[in-house]
Amino acid sequence: MTNFAGLTHASASVVDGRARVEHARSAYLDRADTTASELETVVDEPSDSGAAQLLNKFWAGWTTVASNPTSPQAGIDLLHRAAAVISALRSASSALDAQQEAAVSRLAGTVVSAGANAGRLAEVNRAIAVGTATGVDTNTLADQRDALTASLAESLGGRTTLQPDGTATVLVGGRTIVAGGTAATLGVDASNAITVDASAATLGGGSAGALVDALSGSIPQVRAELDAVAAALAGTVNAAHQAGYDTTGTPGQTFFAGTTAATIQVAITDPATVAAAATASNGGNRDGGQAAALAGFGTLTDGADARYRELVNGLGSRSAAAAQQAAVQSSVTEAVDAQRASASGVDLDEEVGRMLTYQRAYQAASRVLTTVDENLDILINHAGRVGL
Amino acid sequence: MSTLRITEGAAATYQALAGLRSASARLAAVGSKLSSGRQITRPSDDPAGTADALRTRAELARGDQYRSNSADAIGWLSSLNSTFSSLVAQTQKVRDLVLRGLNPADTDSRSAATLAGQVDALRQGLLATANTSHLGRPLLGGTTAGSATYDAGGAYQGDSGTVSRQIGTAETVTVNALGPQVFGADGSNLFDVLTGISTALRTDPSTLSGSLTALDAALSRISTAQASAGSVYARVRAAQTAGTAMTTALTSHLSDLEDIDIANMAIDVTTADMAYQAARQTTARVRQVSLLDFLR
């Protein structure tokens, strides 16, 4: 007969710790991958409608103006093509704004739920400490503790250590988030850094870490690259346009106003003020030399087209690298999960085997009982009646 | 523990699920490529290919610019050619009239006056031809904003601007000719020569022989201008042919970069679909069997 002695919380703490670390890394890389592939949608490339193609059409518009310098239709068409480029840049800029806002609110949500989990972990810790001191079974509480530390690791990264009394201590970036029955207050400050007890902290892991890194790294970088496209466009076109002369012989004005993707706009509205001529003349002429020069600006090595290609290339390769890292990490995480499940999971074959053993033992025990009963029966009921 | 225990949780949750997930992800990836017909739907699909595709598109757009410039240049040069032909024909007629004026048998005062009247009419015709406009601008007037190349007195009204068209990466051609190049400098241009002939016919036909030399010089100037326009025309045609070949090559390169190989991709989809189905069936089959099925 087996003897029921007690249940033990069957999880190997080494594998558990490793799983927490890998899950935190996985959460970080998954979030970074999602952010990078969302950032990629800021540009619609390669396609026939993306900003690159609109820039090509803008330069082709200058060709038409060069051939017909005094034609108002060619001028209007050019201004429309310029407006199309501007609207592509502006919509990329506002898409970027939207992604930044989404990242900010996602970060706030992650930190709030991490804060709530930290609070709950502190409560569980208190209960475990009491239970351990009084010798009460704390297995259910230990399960809750493990779930909470896993979820904290996924959102913040960090390190969890189990104390001898069964409570969990969570350290993130050198700051104590939960120790015993107390939890720190988590928040996000104005510069999108995570705060622990109202002072800014550097937390590098988990999904919150990925969001903090995106908000301070990849999103501002993409914005700077996008602004560089707008600045190159305005700079090169304005310089050439101001060196030309319009149909009345007046020197050209500023073609684009603004130097960032969000503020750039076409500064001229009258097609007659498009400066197509390269040579000055009283009362204007039909020279298209400046427009012809502008038509070739698509090939400038530091022009808008080259900058835009850099932007697209950067977005694509960063996203591809993030996806690659996330894929590698996810197979590592799966392997660790499998290892943990193998250590603490239930193998039905094993359990059925054990159950059969217990069944047989029970049968054997009852058979012993029957035998004893039979012996007693003989002893009690049949003793002294030998030979009767 | 020396070997991995294969527990129900590990087998079901992690191994079977991971297999199913990766098979279905692969199916979704090739399926989306097949249905969109595009190899690169976003830059991260192939960052280097994307950069290449952007550059190829820019090249194609430049090819379009050169093509439209070439077509425009052909228009200018054709106008020049027909204008020059008409100028040559009219100047030849003047030359015939001068020859007749030089023949003493023909030159009584009345017929000389008739010849002079015909020369005046031809001068008007030549002036009108010289003022030919192309797309609303004087063909031989350079880049002038005005509408006439020569006024009624035969004075040049245009400027010295050249009209040039870029027809290739490093090929720019001049597609106009300037009045003074074609007719000679003001003061001794074709129209001044004609005025002189008309006056000489009316007053003293014997002075006409000098005008004949001037007319021959004018004819040779026009022919030279026509020949030069013709050679530019040939260059533009050659550039057009080269441009068309280039565009075809670039379009096919872009298609190689961006478009899928349908047959190949269809096979990939079928393979991925089969792999996914096999993963699902295996999972379902394996999970049905447990040790309990073998105990009675």
# chains A, B, ... in the order shown; residues from 1 in each chain; ligands from 1
>>> closest_atom_pairs(of="chain A", to="chain B", cutoff="7 Å", atoms="only C-alpha atoms", output="tab-separated table")
residue	atom	partner	partner_atom	distance
A:Glu45	CA	B:Arg42	CA	6.2
A:Pro46	CA	B:Thr50	CA	6.2
A:Ala52	CA	B:Leu54	CA	6.9
A:Asn56	CA	B:Ala61	CA	5.9
A:Ala60	CA	B:Gln65	CA	5.7
A:Thr63	CA	B:Gln65	CA	6.5
A:Gly284	CA	B:Ala145	CA	6.4
A:Asn285	CA	B:Ala145	CA	4.5
A:Arg286	CA	B:Thr143	CA	4.5
A:Asp287	CA	B:Thr143	CA	5.3
A:Arg309	CA	B:Ala51	CA	6.3
A:Val312	CA	B:Pro43	CA	6.7
A:Asn313	CA	B:Pro47	CA	5.6
A:Gly316	CA	B:Ser44	CA	3.8
A:Ser317	CA	B:Pro47	CA	5.4
A:Ser319	CA	B:Ser44	CA	5.6
A:Ala320	CA	B:Ser44	CA	4.8
A:Glu334	CA	B:Tyr14	CA	6.4
A:Ala338	CA	B:Ala10	CA	5.0
A:Ala341	CA	B:Ala10	CA	5.2
A:Ser342	CA	B:Arg5	CA	5.1
A:Gly345	CA	B:Gly9	CA	5.9
A:Val346	CA	B:Thr7	CA	5.6
A:Asp347	CA	B:Thr7	CA	4.1
A:Leu348	CA	B:Glu8	CA	6.4
A:Asp349	CA	B:Leu291	CA	5.8
>>> select_by_dssp(residues="segment 14-181 of chain B", states="alpha helix (DSSP H)", output="ChimeraX atom specification")
/B:17-36,47-102,109-130,179-181
>>> residues_around(residues="Ala32 of chain A", least_positions_apart="6", cutoff="8 Å", atoms="only C-alpha atoms", output="list in words")
Ser207, Ala210, Leu211, Ala214 and Ala322 of chain A
>>> write_last_selection(atoms="N, CA, C and O atoms", output="CSV table (one decimal), in the first residue's frame")
chain,number,residue,atom,x,y,z
A,207,SER,N,8.9,43.3,-24.0
A,207,SER,CA,8.2,44.1,-25.0
A,207,SER,C,8.3,45.6,-24.7
A,207,SER,O,8.4,46.4,-25.7
A,210,ALA,N,11.5,46.9,-26.0
A,210,ALA,CA,11.5,47.1,-27.5
A,210,ALA,C,10.8,48.3,-27.9
A,210,ALA,O,11.3,49.1,-28.8
A,211,LEU,N,9.7,48.7,-27.2
A,211,LEU,CA,9.0,49.9,-27.5
A,211,LEU,C,9.8,51.1,-27.2
A,211,LEU,O,9.9,52.1,-27.9
A,214,ALA,N,12.4,51.5,-29.8
A,214,ALA,CA,11.8,52.0,-31.1
A,214,ALA,C,11.6,53.5,-31.0
A,214,ALA,O,11.8,54.2,-31.9
A,322,ALA,N,15.3,42.2,-38.3
A,322,ALA,CA,14.5,42.0,-37.1
A,322,ALA,C,13.7,40.7,-37.2
A,322,ALA,O,13.6,39.9,-36.2
>>> residues_around(residues="segment 184-201 of chain A", least_positions_apart="6", cutoff="12 Å", atoms="only C-alpha atoms", output="PDB file with N, CA, C and O atoms, in the first residue's frame")
ATOM      1  N   GLN A 100       4.234  56.321 -34.101  1.00  0.00           N
ATOM      2  CA  GLN A 100       4.841  56.774 -32.855  1.00  0.00           C
ATOM      3  C   GLN A 100       3.791  56.817 -31.749  1.00  0.00           C
ATOM      4  O   GLN A 100       4.018  56.331 -30.641  1.00  0.00           O
ATOM      5  N   GLU A 101       2.603  57.380 -32.080  1.00  0.00           N
ATOM      6  CA  GLU A 101       1.533  57.441 -31.074  1.00  0.00           C
ATOM      7  C   GLU A 101       1.130  56.044 -30.632  1.00  0.00           C
ATOM      8  O   GLU A 101       0.929  55.796 -29.441  1.00  0.00           O
ATOM      9  N   ALA A 103       2.951  53.392 -30.615  1.00  0.00           N
ATOM     10  CA  ALA A 103       4.009  52.832 -29.773  1.00  0.00           C
ATOM     11  C   ALA A 103       3.942  53.430 -28.370  1.00  0.00           C
ATOM     12  O   ALA A 103       4.101  52.722 -27.370  1.00  0.00           O
ATOM     13  N   VAL A 104       3.668  54.743 -28.280  1.00  0.00           N
ATOM     14  CA  VAL A 104       3.581  55.394 -26.966  1.00  0.00           C
ATOM     15  C   VAL A 104       2.443  54.783 -26.160  1.00  0.00           C
ATOM     16  O   VAL A 104       2.605  54.433 -24.979  1.00  0.00           O
ATOM     17  N   SER A 105       1.263  54.608 -26.809  1.00  0.00           N
ATOM     18  CA  SER A 105       0.140  54.118 -26.018  1.00  0.00           C
ATOM     19  C   SER A 105       0.322  52.638 -25.687  1.00  0.00           C
ATOM     20  O   SER A 105      -0.066  52.175 -24.612  1.00  0.00           O
ATOM     21  N   ARG A 106       0.958  51.900 -26.608  1.00  0.00           N
ATOM     22  CA  ARG A 106       1.228  50.492 -26.331  1.00  0.00           C
ATOM     23  C   ARG A 106       2.201  50.367 -25.154  1.00  0.00           C
ATOM     24  O   ARG A 106       2.040  49.510 -24.282  1.00  0.00           O
ATOM     25  N   LEU A 107       3.194  51.269 -25.130  1.00  0.00           N
ATOM     26  CA  LEU A 107       4.162  51.257 -24.037  1.00  0.00           C
ATOM     27  C   LEU A 107       3.457  51.532 -22.715  1.00  0.00           C
ATOM     28  O   LEU A 107       3.669  50.835 -21.714  1.00  0.00           O
ATOM     29  N   ALA A 108       2.571  52.545 -22.724  1.00  0.00           N
ATOM     30  CA  ALA A 108       1.847  52.890 -21.499  1.00  0.00           C
ATOM     31  C   ALA A 108       1.035  51.694 -21.022  1.00  0.00           C
ATOM     32  O   ALA A 108       1.057  51.338 -19.832  1.00  0.00           O
ATOM     33  N   GLY A 109       0.339  51.030 -21.985  1.00  0.00           N
ATOM     34  CA  GLY A 109      -0.479  49.871 -21.628  1.00  0.00           C
ATOM     35  C   GLY A 109       0.367  48.751 -21.045  1.00  0.00           C
ATOM     36  O   GLY A 109       0.008  48.148 -20.023  1.00  0.00           O
ATOM     37  N   THR A 110       1.506  48.469 -21.679  1.00  0.00           N
ATOM     38  CA  THR A 110       2.389  47.393 -21.205  1.00  0.00           C
ATOM     39  C   THR A 110       2.882  47.690 -19.794  1.00  0.00           C
ATOM     40  O   THR A 110       2.887  46.816 -18.922  1.00  0.00           O
ATOM     41  N   VAL A 111       3.269  48.956 -19.561  1.00  0.00           N
ATOM     42  CA  VAL A 111       3.813  49.309 -18.252  1.00  0.00           C
ATOM     43  C   VAL A 111       2.730  49.253 -17.177  1.00  0.00           C
ATOM     44  O   VAL A 111       2.964  48.773 -16.067  1.00  0.00           O
ATOM     45  N   VAL A 112       1.519  49.692 -17.533  1.00  0.00           N
ATOM     46  CA  VAL A 112       0.433  49.637 -16.550  1.00  0.00           C
ATOM     47  C   VAL A 112       0.152  48.187 -16.161  1.00  0.00           C
ATOM     48  O   VAL A 112       0.038  47.854 -14.970  1.00  0.00           O
ATOM     49  N   SER A 113       0.082  47.305 -17.178  1.00  0.00           N
ATOM     50  CA  SER A 113      -0.243  45.918 -16.827  1.00  0.00           C
ATOM     51  C   SER A 113       0.927  45.273 -16.082  1.00  0.00           C
ATOM     52  O   SER A 113       0.713  44.447 -15.178  1.00  0.00           O
ATOM     53  N   ALA A 114       2.175  45.681 -16.432  1.00  0.00           N
ATOM     54  CA  ALA A 114       3.320  45.156 -15.683  1.00  0.00           C
ATOM     55  C   ALA A 114       3.256  45.623 -14.235  1.00  0.00           C
ATOM     56  O   ALA A 114       3.544  44.859 -13.303  1.00  0.00           O
ATOM     57  N   GLY A 115       2.851  46.884 -14.031  1.00  0.00           N
ATOM     58  CA  GLY A 115       2.717  47.415 -12.668  1.00  0.00           C
ATOM     59  C   GLY A 115       1.681  46.634 -11.874  1.00  0.00           C
ATOM     60  O   GLY A 115       1.895  46.284 -10.708  1.00  0.00           O
ATOM     61  N   ALA A 116       0.551  46.329 -12.535  1.00  0.00           N
ATOM     62  CA  ALA A 116      -0.497  45.563 -11.858  1.00  0.00           C
ATOM     63  C   ALA A 116       0.015  44.171 -11.500  1.00  0.00           C
ATOM     64  O   ALA A 116      -0.231  43.665 -10.386  1.00  0.00           O
ATOM     65  N   ASN A 117       0.740  43.547 -12.429  1.00  0.00           N
ATOM     66  CA  ASN A 117       1.293  42.220 -12.160  1.00  0.00           C
ATOM     67  C   ASN A 117       2.303  42.257 -11.016  1.00  0.00           C
ATOM     68  O   ASN A 117       2.354  41.335 -10.201  1.00  0.00           O
ATOM     69  N   ALA A 118       3.104  43.344 -10.972  1.00  0.00           N
ATOM     70  CA  ALA A 118       4.067  43.476  -9.880  1.00  0.00           C
ATOM     71  C   ALA A 118       3.336  43.550  -8.545  1.00  0.00           C
ATOM     72  O   ALA A 118       3.727  42.909  -7.553  1.00  0.00           O
ATOM     73  N   GLY A 119       2.242  44.315  -8.503  1.00  0.00           N
ATOM     74  CA  GLY A 119       1.441  44.429  -7.285  1.00  0.00           C
ATOM     75  C   GLY A 119       0.896  43.079  -6.850  1.00  0.00           C
ATOM     76  O   GLY A 119       0.958  42.697  -5.673  1.00  0.00           O
ATOM     77  N   ARG A 120       0.360  42.326  -7.851  1.00  0.00           N
ATOM     78  CA  ARG A 120      -0.211  41.022  -7.513  1.00  0.00           C
ATOM     79  C   ARG A 120       0.869  40.060  -7.024  1.00  0.00           C
ATOM     80  O   ARG A 120       0.659  39.283  -6.088  1.00  0.00           O
ATOM     81  N   LEU A 121       2.067  40.167  -7.663  1.00  0.00           N
ATOM     82  CA  LEU A 121       3.162  39.284  -7.257  1.00  0.00           C
ATOM     83  C   LEU A 121       3.551  39.563  -5.802  1.00  0.00           C
ATOM     84  O   LEU A 121       3.820  38.635  -5.020  1.00  0.00           O
ATOM     85  N   ALA A 122       3.539  40.849  -5.437  1.00  0.00           N
ATOM     86  CA  ALA A 122       3.857  41.203  -4.050  1.00  0.00           C
ATOM     87  C   ALA A 122       2.865  40.562  -3.086  1.00  0.00           C
ATOM     88  O   ALA A 122       3.241  40.019  -2.042  1.00  0.00           O
ATOM     89  N   LEU A 152       5.857  39.199 -16.048  1.00  0.00           N
ATOM     90  CA  LEU A 152       6.705  40.377 -15.816  1.00  0.00           C
ATOM     91  C   LEU A 152       7.950  40.323 -16.697  1.00  0.00           C
ATOM     92  O   LEU A 152       8.372  41.341 -17.257  1.00  0.00           O
ATOM     93  N   SER A 155       7.114  41.361 -20.231  1.00  0.00           N
ATOM     94  CA  SER A 155       6.908  42.779 -20.502  1.00  0.00           C
ATOM     95  C   SER A 155       8.122  43.643 -20.171  1.00  0.00           C
ATOM     96  O   SER A 155       8.306  44.671 -20.804  1.00  0.00           O
ATOM     97  N   LEU A 156       8.943  43.259 -19.181  1.00  0.00           N
ATOM     98  CA  LEU A 156      10.038  44.144 -18.784  1.00  0.00           C
ATOM     99  C   LEU A 156      11.429  43.535 -18.928  1.00  0.00           C
ATOM    100  O   LEU A 156      12.422  44.249 -18.845  1.00  0.00           O
ATOM    101  N   THR A 169      11.911  37.568  -6.048  1.00  0.00           N
ATOM    102  CA  THR A 169      12.414  38.928  -6.134  1.00  0.00           C
ATOM    103  C   THR A 169      12.670  39.225  -7.599  1.00  0.00           C
ATOM    104  O   THR A 169      13.330  38.444  -8.290  1.00  0.00           O
ATOM    105  N   VAL A 170      12.133  40.353  -8.090  1.00  0.00           N
ATOM    106  CA  VAL A 170      12.305  40.691  -9.498  1.00  0.00           C
ATOM    107  C   VAL A 170      13.156  41.950  -9.608  1.00  0.00           C
ATOM    108  O   VAL A 170      12.823  42.992  -9.040  1.00  0.00           O
ATOM    109  N   LEU A 171      14.288  41.818 -10.316  1.00  0.00           N
ATOM    110  CA  LEU A 171      15.181  42.954 -10.557  1.00  0.00           C
ATOM    111  C   LEU A 171      15.183  43.246 -12.050  1.00  0.00           C
ATOM    112  O   LEU A 171      15.322  42.336 -12.853  1.00  0.00           O
ATOM    113  N   VAL A 172      15.011  44.509 -12.391  1.00  0.00           N
ATOM    114  CA  VAL A 172      15.077  44.872 -13.810  1.00  0.00           C
ATOM    115  C   VAL A 172      16.043  46.041 -13.957  1.00  0.00           C
ATOM    116  O   VAL A 172      15.860  47.088 -13.338  1.00  0.00           O
ATOM    117  N   GLY A 173      17.071  45.842 -14.767  1.00  0.00           N
ATOM    118  CA  GLY A 173      18.047  46.904 -15.007  1.00  0.00           C
ATOM    119  C   GLY A 173      18.638  47.441 -13.713  1.00  0.00           C
ATOM    120  O   GLY A 173      18.872  48.646 -13.580  1.00  0.00           O
ATOM    121  N   GLY A 174      18.871  46.558 -12.721  1.00  0.00           N
ATOM    122  CA  GLY A 174      19.472  46.994 -11.468  1.00  0.00           C
ATOM    123  C   GLY A 174      18.471  47.604 -10.497  1.00  0.00           C
ATOM    124  O   GLY A 174      18.823  47.976  -9.370  1.00  0.00           O
ATOM    125  N   ARG A 175      17.207  47.739 -10.936  1.00  0.00           N
ATOM    126  CA  ARG A 175      16.201  48.315 -10.034  1.00  0.00           C
ATOM    127  C   ARG A 175      15.302  47.193  -9.521  1.00  0.00           C
ATOM    128  O   ARG A 175      14.939  46.283 -10.261  1.00  0.00           O
ATOM    129  N   THR A 176      14.937  47.282  -8.255  1.00  0.00           N
ATOM    130  CA  THR A 176      14.069  46.276  -7.663  1.00  0.00           C
ATOM    131  C   THR A 176      12.617  46.597  -7.994  1.00  0.00           C
ATOM    132  O   THR A 176      12.122  47.674  -7.664  1.00  0.00           O
ATOM    133  N   ILE A 177      11.973  45.663  -8.691  1.00  0.00           N
ATOM    134  CA  ILE A 177      10.566  45.882  -9.035  1.00  0.00           C
ATOM    135  C   ILE A 177       9.692  45.257  -7.957  1.00  0.00           C
ATOM    136  O   ILE A 177       8.744  45.868  -7.465  1.00  0.00           O
ATOM    137  N   VAL A 178       9.998  44.012  -7.577  1.00  0.00           N
ATOM    138  CA  VAL A 178       9.250  43.349  -6.505  1.00  0.00           C
ATOM    139  C   VAL A 178      10.256  42.687  -5.574  1.00  0.00           C
ATOM    140  O   VAL A 178      11.182  42.009  -6.026  1.00  0.00           O
ATOM    141  N   ALA A 208       8.243  45.989 -23.457  1.00  0.00           N
ATOM    142  CA  ALA A 208       8.352  47.410 -23.134  1.00  0.00           C
ATOM    143  C   ALA A 208       9.717  47.946 -23.559  1.00  0.00           C
ATOM    144  O   ALA A 208       9.820  49.055 -24.089  1.00  0.00           O
ATOM    145  N   GLY A 209      10.762  47.139 -23.361  1.00  0.00           N
ATOM    146  CA  GLY A 209      12.101  47.560 -23.766  1.00  0.00           C
ATOM    147  C   GLY A 209      12.177  47.798 -25.264  1.00  0.00           C
ATOM    148  O   GLY A 209      12.780  48.772 -25.722  1.00  0.00           O
ATOM    149  N   ALA A 210      11.514  46.892 -26.037  1.00  0.00           N
ATOM    150  CA  ALA A 210      11.530  47.059 -27.493  1.00  0.00           C
ATOM    151  C   ALA A 210      10.832  48.350 -27.889  1.00  0.00           C
ATOM    152  O   ALA A 210      11.264  49.061 -28.797  1.00  0.00           O
ATOM    153  N   LEU A 211       9.728  48.668 -27.182  1.00  0.00           N
ATOM    154  CA  LEU A 211       8.993  49.898 -27.510  1.00  0.00           C
ATOM    155  C   LEU A 211       9.816  51.128 -27.164  1.00  0.00           C
ATOM    156  O   LEU A 211       9.861  52.101 -27.916  1.00  0.00           O
ATOM    157  N   VAL A 212      10.503  51.092 -25.981  1.00  0.00           N
ATOM    158  CA  VAL A 212      11.353  52.216 -25.588  1.00  0.00           C
ATOM    159  C   VAL A 212      12.451  52.410 -26.632  1.00  0.00           C
ATOM    160  O   VAL A 212      12.714  53.532 -27.083  1.00  0.00           O
ATOM    161  N   ASP A 213      13.065  51.303 -27.064  1.00  0.00           N
ATOM    162  CA  ASP A 213      14.132  51.398 -28.063  1.00  0.00           C
ATOM    163  C   ASP A 213      13.612  51.937 -29.391  1.00  0.00           C
ATOM    164  O   ASP A 213      14.277  52.727 -30.057  1.00  0.00           O
ATOM    165  N   ALA A 214      12.391  51.489 -29.791  1.00  0.00           N
ATOM    166  CA  ALA A 214      11.833  51.985 -31.050  1.00  0.00           C
ATOM    167  C   ALA A 214      11.570  53.480 -30.955  1.00  0.00           C
ATOM    168  O   ALA A 214      11.842  54.245 -31.877  1.00  0.00           O
ATOM    169  N   LEU A 215      11.041  53.915 -29.788  1.00  0.00           N
ATOM    170  CA  LEU A 215      10.688  55.330 -29.633  1.00  0.00           C
ATOM    171  C   LEU A 215      11.920  56.219 -29.575  1.00  0.00           C
ATOM    172  O   LEU A 215      11.854  57.397 -29.926  1.00  0.00           O
ATOM    173  N   SER A 216      13.045  55.661 -29.102  1.00  0.00           N
ATOM    174  CA  SER A 216      14.234  56.504 -29.037  1.00  0.00           C
ATOM    175  C   SER A 216      15.200  56.186 -30.165  1.00  0.00           C
ATOM    176  O   SER A 216      16.155  56.913 -30.386  1.00  0.00           O
ATOM    177  N   GLY A 217      14.958  55.084 -30.904  1.00  0.00           N
ATOM    178  CA  GLY A 217      15.907  54.693 -31.946  1.00  0.00           C
ATOM    179  C   GLY A 217      15.319  54.694 -33.336  1.00  0.00           C
ATOM    180  O   GLY A 217      15.461  55.661 -34.076  1.00  0.00           O
TER     181      GLY A 217
END
>>> atom_distance(atom1="atom CA of Arg123 of chain B", atom2="atom CA of Leu194 of chain B")
6.4 Å
>>> residues_around(residues="segment 87-99 of chain B", least_positions_apart="2", cutoff="7 Å", atoms="only C-alpha atoms", output="ChimeraX atom specification")
/B:83-85,101-103,115,119,122,126,129,208,212,215,219,222
>>> write_last_selection(atoms="N, CA, C and O atoms", output="mmCIF file, in the first residue's frame")
data_model
loop_
_atom_site.group_PDB
_atom_site.id
_atom_site.type_symbol
_atom_site.label_atom_id
_atom_site.label_comp_id
_atom_site.auth_asym_id
_atom_site.auth_seq_id
_atom_site.Cartn_x
_atom_site.Cartn_y
_atom_site.Cartn_z
ATOM 1 N N THR B 83 10.792 73.336 -94.102
ATOM 2 C CA THR B 83 10.977 74.775 -94.308
ATOM 3 C C THR B 83 12.166 75.033 -95.234
ATOM 4 O O THR B 83 12.081 75.839 -96.166
ATOM 5 N N PHE B 84 13.254 74.316 -94.983
ATOM 6 C CA PHE B 84 14.450 74.520 -95.799
ATOM 7 C C PHE B 84 14.173 74.132 -97.250
ATOM 8 O O PHE B 84 14.595 74.822 -98.179
ATOM 9 N N SER B 85 13.456 73.026 -97.474
ATOM 10 C CA SER B 85 13.154 72.601 -98.838
ATOM 11 C C SER B 85 12.372 73.685 -99.559
ATOM 12 O O SER B 85 12.657 74.023 -100.717
ATOM 13 N N GLY B 101 16.559 87.920 -116.421
ATOM 14 C CA GLY B 101 16.821 89.360 -116.409
ATOM 15 C C GLY B 101 18.168 89.687 -117.014
ATOM 16 O O GLY B 101 18.358 90.751 -117.610
ATOM 17 N N LEU B 102 19.102 88.736 -116.875
ATOM 18 C CA LEU B 102 20.452 88.974 -117.397
ATOM 19 C C LEU B 102 20.509 88.794 -118.920
ATOM 20 O O LEU B 102 21.411 89.279 -119.576
ATOM 21 N N ASN B 103 19.513 88.063 -119.485
ATOM 22 C CA ASN B 103 19.483 87.809 -120.926
ATOM 23 C C ASN B 103 19.005 89.086 -121.645
ATOM 24 O O ASN B 103 17.857 89.486 -121.491
ATOM 25 N N LEU B 115 9.381 91.003 -114.220
ATOM 26 C CA LEU B 115 10.295 90.147 -113.449
ATOM 27 C C LEU B 115 10.476 90.698 -112.039
ATOM 28 O O LEU B 115 10.436 89.959 -111.045
ATOM 29 N N VAL B 119 9.856 88.877 -108.477
ATOM 30 C CA VAL B 119 10.859 88.773 -107.410
ATOM 31 C C VAL B 119 10.292 89.306 -106.096
ATOM 32 O O VAL B 119 10.458 88.703 -105.025
ATOM 33 N N LEU B 122 8.086 86.724 -104.664
ATOM 34 C CA LEU B 122 8.856 85.613 -104.083
ATOM 35 C C LEU B 122 9.496 86.034 -102.762
ATOM 36 O O LEU B 122 9.609 85.238 -101.818
ATOM 37 N N LEU B 126 9.199 84.100 -99.363
ATOM 38 C CA LEU B 126 10.357 83.664 -98.564
ATOM 39 C C LEU B 126 10.261 84.193 -97.133
ATOM 40 O O LEU B 126 10.563 83.482 -96.170
ATOM 41 N N THR B 129 7.798 82.113 -95.298
ATOM 42 C CA THR B 129 8.388 80.812 -94.958
ATOM 43 C C THR B 129 9.384 80.959 -93.804
ATOM 44 O O THR B 129 9.445 80.131 -92.896
ATOM 45 N N LEU B 208 22.973 92.954 -112.460
ATOM 46 C CA LEU B 208 22.438 91.759 -111.789
ATOM 47 C C LEU B 208 23.458 90.651 -111.547
ATOM 48 O O LEU B 208 23.261 89.786 -110.695
ATOM 49 N N LEU B 212 23.728 87.426 -108.580
ATOM 50 C CA LEU B 212 23.700 85.979 -108.817
ATOM 51 C C LEU B 212 24.668 85.255 -107.866
ATOM 52 O O LEU B 212 24.322 84.226 -107.268
ATOM 53 N N LEU B 215 23.134 85.203 -104.509
ATOM 54 C CA LEU B 215 22.055 84.202 -104.429
ATOM 55 C C LEU B 215 22.627 82.799 -104.262
ATOM 56 O O LEU B 215 22.117 81.992 -103.479
ATOM 57 N N LEU B 219 21.890 80.197 -101.321
ATOM 58 C CA LEU B 219 21.412 78.823 -101.539
ATOM 59 C C LEU B 219 22.305 77.816 -100.815
ATOM 60 O O LEU B 219 21.823 76.871 -100.183
ATOM 61 N N ILE B 222 21.594 77.774 -97.097
ATOM 62 C CA ILE B 222 20.363 77.045 -96.733
ATOM 63 C C ILE B 222 20.601 75.538 -96.819
ATOM 64 O O ILE B 222 20.210 74.766 -95.939
#
>>> select_by_dssp(residues="segment 133-303 of chain A", states="strand (DSSP E or B)", output="NGL selection string")
:A and (159-162 or 168-172 or 175-179 or 182-183 or 186-188 or 194-196 or 199-200 or 245 or 251 or 256-257 or 265-266 or 277)
>>> residues_around(residues="Val130 of chain A", least_positions_apart="6", cutoff="12 Å", atoms="only C-alpha atoms", output="list of chain:residue names")
A:Glu123, A:Val124, A:Val136, A:Asp137, A:Thr138, A:Leu141, A:Asp165, A:Gly166, A:Thr167, A:Gly180, A:Gly181
>>> atom_distance(atom1="atom CA of Ala129 of chain A", atom2="atom CA of Arg340 of chain A")
25.5 Å
>>> residues_around(residues="segment 230-236 of chain A", least_positions_apart="4", cutoff="9 Å", atoms="only C-alpha atoms", output="list in words")
Ile86, Leu89, Glu225, Leu226, Ala240, His241, Thr254, Phe255, Phe256, Ala257, Gly258, Thr259, Thr260, Ala261, Ala262, Thr263, Ile264, Leu294, Phe297, Asp302, Gly303, Ala304, Asp305 and Arg307 of chain A
>>> closest_residue(among="A:Ala133, A:Asp44, A:Leu148, A:Val332", to="Pro164 of chain A", atoms="only C-alpha atoms")
A:Ala133
